[in-house]
Amino acid sequence: SKNHRKVVTRHVWEDSKDWVRNNRLSKSGKQLYRKRKETIERSFADAKELHGFRYCRLRGLPNVREQALMTAAVQNMKKMAIHLDRREKRG
């Protein structure tokens, strides 16, 4: 520049990204992150292994979206059935 100064600009979302990063590195954030592998990642692994998510059988974005939504619906129905079964067994 003309006055020999460097200007550092931050992206609009940098403050939010810093807040999320600090939250994730906190004690409670680390506990939640550890729990992620048991919940979120397990759901994707089941979709991949049990519901054909490894390869898409259909072509085109609308068809792929439909397959993804159907897989999610099936997984949610399985979760509801398991939950209801456990609740029924408890009494």
# chains A, B, ... in the order shown; residues from 1 in each chain; ligands from 1
$ select_by_dssp --residues "chain A" --states "helix (DSSP H, G or I)" --output "PyMOL selection string"
chain A and resi 14-25+27-50+61-90
$ write_last_selection --atoms "C-alpha atoms" --output "compact mmCIF listing (two decimals), in the first residue's frame"
# COMPACT_ATOMS: atom_id res chain seq x y z
CA GLU A 14 -14.88 -15.41 11.95
CA ASP A 15 -16.39 -14.39 15.30
CA SER A 16 -18.94 -17.20 15.06
CA LYS A 17 -16.26 -19.68 14.01
CA ASP A 18 -14.10 -18.65 16.99
CA TRP A 19 -17.06 -19.11 19.36
CA VAL A 20 -17.79 -22.59 17.95
CA ARG A 21 -14.12 -23.58 18.11
CA ASN A 22 -13.84 -22.45 21.76
CA ASN A 23 -17.08 -24.24 22.61
CA ARG A 24 -15.85 -27.47 21.02
CA LEU A 25 -12.56 -27.31 22.93
CA LYS A 27 -14.76 -29.62 28.73
CA SER A 28 -18.45 -30.08 27.88
CA GLY A 29 -17.72 -29.69 24.17
CA LYS A 30 -15.16 -32.48 24.29
CA GLN A 31 -17.65 -34.78 26.03
CA LEU A 32 -20.28 -34.06 23.38
CA TYR A 33 -17.76 -34.59 20.58
CA ARG A 34 -16.87 -38.02 22.02
CA LYS A 35 -20.57 -38.92 22.05
CA ARG A 36 -20.83 -38.02 18.36
CA LYS A 37 -19.21 -41.28 17.23
CA GLU A 38 -21.92 -43.23 19.03
CA THR A 39 -24.82 -41.27 17.58
CA ILE A 40 -24.24 -39.30 14.39
CA GLU A 41 -21.41 -41.31 12.87
CA ARG A 42 -23.15 -44.57 13.73
CA SER A 43 -26.18 -43.44 11.75
CA PHE A 44 -24.06 -42.80 8.64
CA ALA A 45 -22.27 -46.12 9.08
CA ASP A 46 -25.62 -47.96 9.27
CA ALA A 47 -26.84 -46.16 6.16
CA LYS A 48 -23.69 -47.17 4.36
CA GLU A 49 -23.59 -50.80 5.47
CA LEU A 50 -27.25 -51.73 5.84
CA LEU A 61 -29.95 -35.33 -8.15
CA PRO A 62 -33.71 -35.73 -7.60
CA ASN A 63 -33.40 -39.53 -7.54
CA VAL A 64 -30.38 -39.48 -5.24
CA ARG A 65 -32.19 -37.06 -2.93
CA GLU A 66 -35.18 -39.40 -2.88
CA GLN A 67 -32.97 -42.36 -1.96
CA ALA A 68 -31.35 -40.35 0.84
CA LEU A 69 -34.72 -39.26 2.23
CA MET A 70 -36.11 -42.80 2.07
CA THR A 71 -33.04 -44.12 3.88
CA ALA A 72 -33.42 -41.45 6.57
CA ALA A 73 -37.12 -42.31 6.93
CA VAL A 74 -36.32 -46.01 7.35
CA GLN A 75 -33.66 -45.25 9.97
CA ASN A 76 -36.08 -43.04 11.89
CA MET A 77 -38.77 -45.73 11.80
CA LYS A 78 -36.27 -48.26 13.15
CA LYS A 79 -35.32 -45.90 15.98
CA MET A 80 -38.99 -45.35 16.85
CA ALA A 81 -39.71 -49.09 16.82
CA ILE A 82 -36.73 -49.80 19.09
CA HIS A 83 -37.75 -47.00 21.45
CA LEU A 84 -41.36 -48.21 21.64
CA ASP A 85 -40.24 -51.80 22.19
CA ARG A 86 -37.96 -50.79 25.08
CA ARG A 87 -40.70 -48.66 26.60
CA GLU A 88 -43.18 -51.52 26.37
CA LYS A 89 -40.77 -53.98 28.03
CA ARG A 90 -40.22 -51.59 30.95
$ decode --residues "stretch 1-81 of chain A" --atoms "C-alpha atoms" --output "PDB file, in the first residue's frame"
ATOM      1  CA  SER A   1       0.000   0.000   0.000  1.00  0.00           C
ATOM      2  CA  LYS A   2       0.977   3.617  -0.277  1.00  0.00           C
ATOM      3  CA  ASN A   3       1.499   4.151   3.458  1.00  0.00           C
ATOM      4  CA  HIS A   4       3.314   0.799   3.885  1.00  0.00           C
ATOM      5  CA  ARG A   5       0.738  -0.747   6.209  1.00  0.00           C
ATOM      6  CA  LYS A   6      -0.687  -4.201   6.033  1.00  0.00           C
ATOM      7  CA  VAL A   7      -4.391  -4.582   6.526  1.00  0.00           C
ATOM      8  CA  VAL A   8      -5.739  -7.843   7.888  1.00  0.00           C
ATOM      9  CA  THR A   9      -9.425  -8.391   7.309  1.00  0.00           C
ATOM     10  CA  ARG A  10     -11.507 -11.079   8.962  1.00  0.00           C
ATOM     11  CA  HIS A  11     -14.361 -12.880   7.327  1.00  0.00           C
ATOM     12  CA  VAL A  12     -17.873 -11.976   8.446  1.00  0.00           C
ATOM     13  CA  TRP A  13     -18.265 -15.352  10.171  1.00  0.00           C
ATOM     14  CA  GLU A  14     -14.884 -15.414  11.947  1.00  0.00           C
ATOM     15  CA  ASP A  15     -16.386 -14.393  15.299  1.00  0.00           C
ATOM     16  CA  SER A  16     -18.937 -17.203  15.060  1.00  0.00           C
ATOM     17  CA  LYS A  17     -16.261 -19.676  14.013  1.00  0.00           C
ATOM     18  CA  ASP A  18     -14.099 -18.646  16.986  1.00  0.00           C
ATOM     19  CA  TRP A  19     -17.055 -19.113  19.356  1.00  0.00           C
ATOM     20  CA  VAL A  20     -17.787 -22.593  17.955  1.00  0.00           C
ATOM     21  CA  ARG A  21     -14.124 -23.576  18.111  1.00  0.00           C
ATOM     22  CA  ASN A  22     -13.842 -22.451  21.756  1.00  0.00           C
ATOM     23  CA  ASN A  23     -17.082 -24.240  22.614  1.00  0.00           C
ATOM     24  CA  ARG A  24     -15.851 -27.471  21.019  1.00  0.00           C
ATOM     25  CA  LEU A  25     -12.562 -27.308  22.933  1.00  0.00           C
ATOM     26  CA  SER A  26     -14.265 -26.729  26.285  1.00  0.00           C
ATOM     27  CA  LYS A  27     -14.760 -29.615  28.731  1.00  0.00           C
ATOM     28  CA  SER A  28     -18.447 -30.084  27.878  1.00  0.00           C
ATOM     29  CA  GLY A  29     -17.717 -29.693  24.173  1.00  0.00           C
ATOM     30  CA  LYS A  30     -15.156 -32.482  24.292  1.00  0.00           C
ATOM     31  CA  GLN A  31     -17.650 -34.776  26.027  1.00  0.00           C
ATOM     32  CA  LEU A  32     -20.277 -34.057  23.379  1.00  0.00           C
ATOM     33  CA  TYR A  33     -17.762 -34.588  20.582  1.00  0.00           C
ATOM     34  CA  ARG A  34     -16.871 -38.021  22.016  1.00  0.00           C
ATOM     35  CA  LYS A  35     -20.568 -38.915  22.055  1.00  0.00           C
ATOM     36  CA  ARG A  36     -20.829 -38.023  18.356  1.00  0.00           C
ATOM     37  CA  LYS A  37     -19.212 -41.282  17.228  1.00  0.00           C
ATOM     38  CA  GLU A  38     -21.915 -43.231  19.028  1.00  0.00           C
ATOM     39  CA  THR A  39     -24.818 -41.268  17.581  1.00  0.00           C
ATOM     40  CA  ILE A  40     -24.238 -39.296  14.390  1.00  0.00           C
ATOM     41  CA  GLU A  41     -21.406 -41.309  12.866  1.00  0.00           C
ATOM     42  CA  ARG A  42     -23.154 -44.574  13.734  1.00  0.00           C
ATOM     43  CA  SER A  43     -26.183 -43.439  11.751  1.00  0.00           C
ATOM     44  CA  PHE A  44     -24.062 -42.802   8.638  1.00  0.00           C
ATOM     45  CA  ALA A  45     -22.270 -46.124   9.080  1.00  0.00           C
ATOM     46  CA  ASP A  46     -25.619 -47.957   9.274  1.00  0.00           C
ATOM     47  CA  ALA A  47     -26.844 -46.158   6.162  1.00  0.00           C
ATOM     48  CA  LYS A  48     -23.686 -47.174   4.357  1.00  0.00           C
ATOM     49  CA  GLU A  49     -23.594 -50.798   5.471  1.00  0.00           C
ATOM     50  CA  LEU A  50     -27.253 -51.730   5.835  1.00  0.00           C
ATOM     51  CA  HIS A  51     -29.149 -49.441   3.475  1.00  0.00           C
ATOM     52  CA  GLY A  52     -27.036 -49.280   0.321  1.00  0.00           C
ATOM     53  CA  PHE A  53     -25.532 -45.834   0.862  1.00  0.00           C
ATOM     54  CA  ARG A  54     -22.126 -47.015  -0.268  1.00  0.00           C
ATOM     55  CA  TYR A  55     -23.184 -46.630  -3.903  1.00  0.00           C
ATOM     56  CA  CYS A  56     -26.163 -44.794  -5.293  1.00  0.00           C
ATOM     57  CA  ARG A  57     -28.425 -46.982  -7.366  1.00  0.00           C
ATOM     58  CA  LEU A  58     -30.088 -44.094  -9.149  1.00  0.00           C
ATOM     59  CA  ARG A  59     -28.928 -41.304 -11.430  1.00  0.00           C
ATOM     60  CA  GLY A  60     -29.687 -37.619 -11.136  1.00  0.00           C
ATOM     61  CA  LEU A  61     -29.947 -35.333  -8.149  1.00  0.00           C
ATOM     62  CA  PRO A  62     -33.712 -35.735  -7.599  1.00  0.00           C
ATOM     63  CA  ASN A  63     -33.402 -39.526  -7.536  1.00  0.00           C
ATOM     64  CA  VAL A  64     -30.380 -39.480  -5.241  1.00  0.00           C
ATOM     65  CA  ARG A  65     -32.193 -37.061  -2.928  1.00  0.00           C
ATOM     66  CA  GLU A  66     -35.182 -39.403  -2.882  1.00  0.00           C
ATOM     67  CA  GLN A  67     -32.970 -42.362  -1.964  1.00  0.00           C
ATOM     68  CA  ALA A  68     -31.346 -40.355   0.844  1.00  0.00           C
ATOM     69  CA  LEU A  69     -34.721 -39.264   2.225  1.00  0.00           C
ATOM     70  CA  MET A  70     -36.111 -42.796   2.068  1.00  0.00           C
ATOM     71  CA  THR A  71     -33.038 -44.118   3.882  1.00  0.00           C
ATOM     72  CA  ALA A  72     -33.421 -41.455   6.572  1.00  0.00           C
ATOM     73  CA  ALA A  73     -37.121 -42.312   6.935  1.00  0.00           C
ATOM     74  CA  VAL A  74     -36.318 -46.006   7.348  1.00  0.00           C
ATOM     75  CA  GLN A  75     -33.662 -45.255   9.967  1.00  0.00           C
ATOM     76  CA  ASN A  76     -36.084 -43.036  11.889  1.00  0.00           C
ATOM     77  CA  MET A  77     -38.774 -45.729  11.800  1.00  0.00           C
ATOM     78  CA  LYS A  78     -36.271 -48.263  13.146  1.00  0.00           C
ATOM     79  CA  LYS A  79     -35.322 -45.902  15.975  1.00  0.00           C
ATOM     80  CA  MET A  80     -38.989 -45.345  16.854  1.00  0.00           C
ATOM     81  CA  ALA A  81     -39.706 -49.094  16.820  1.00  0.00           C
TER      82      ALA A  81
END
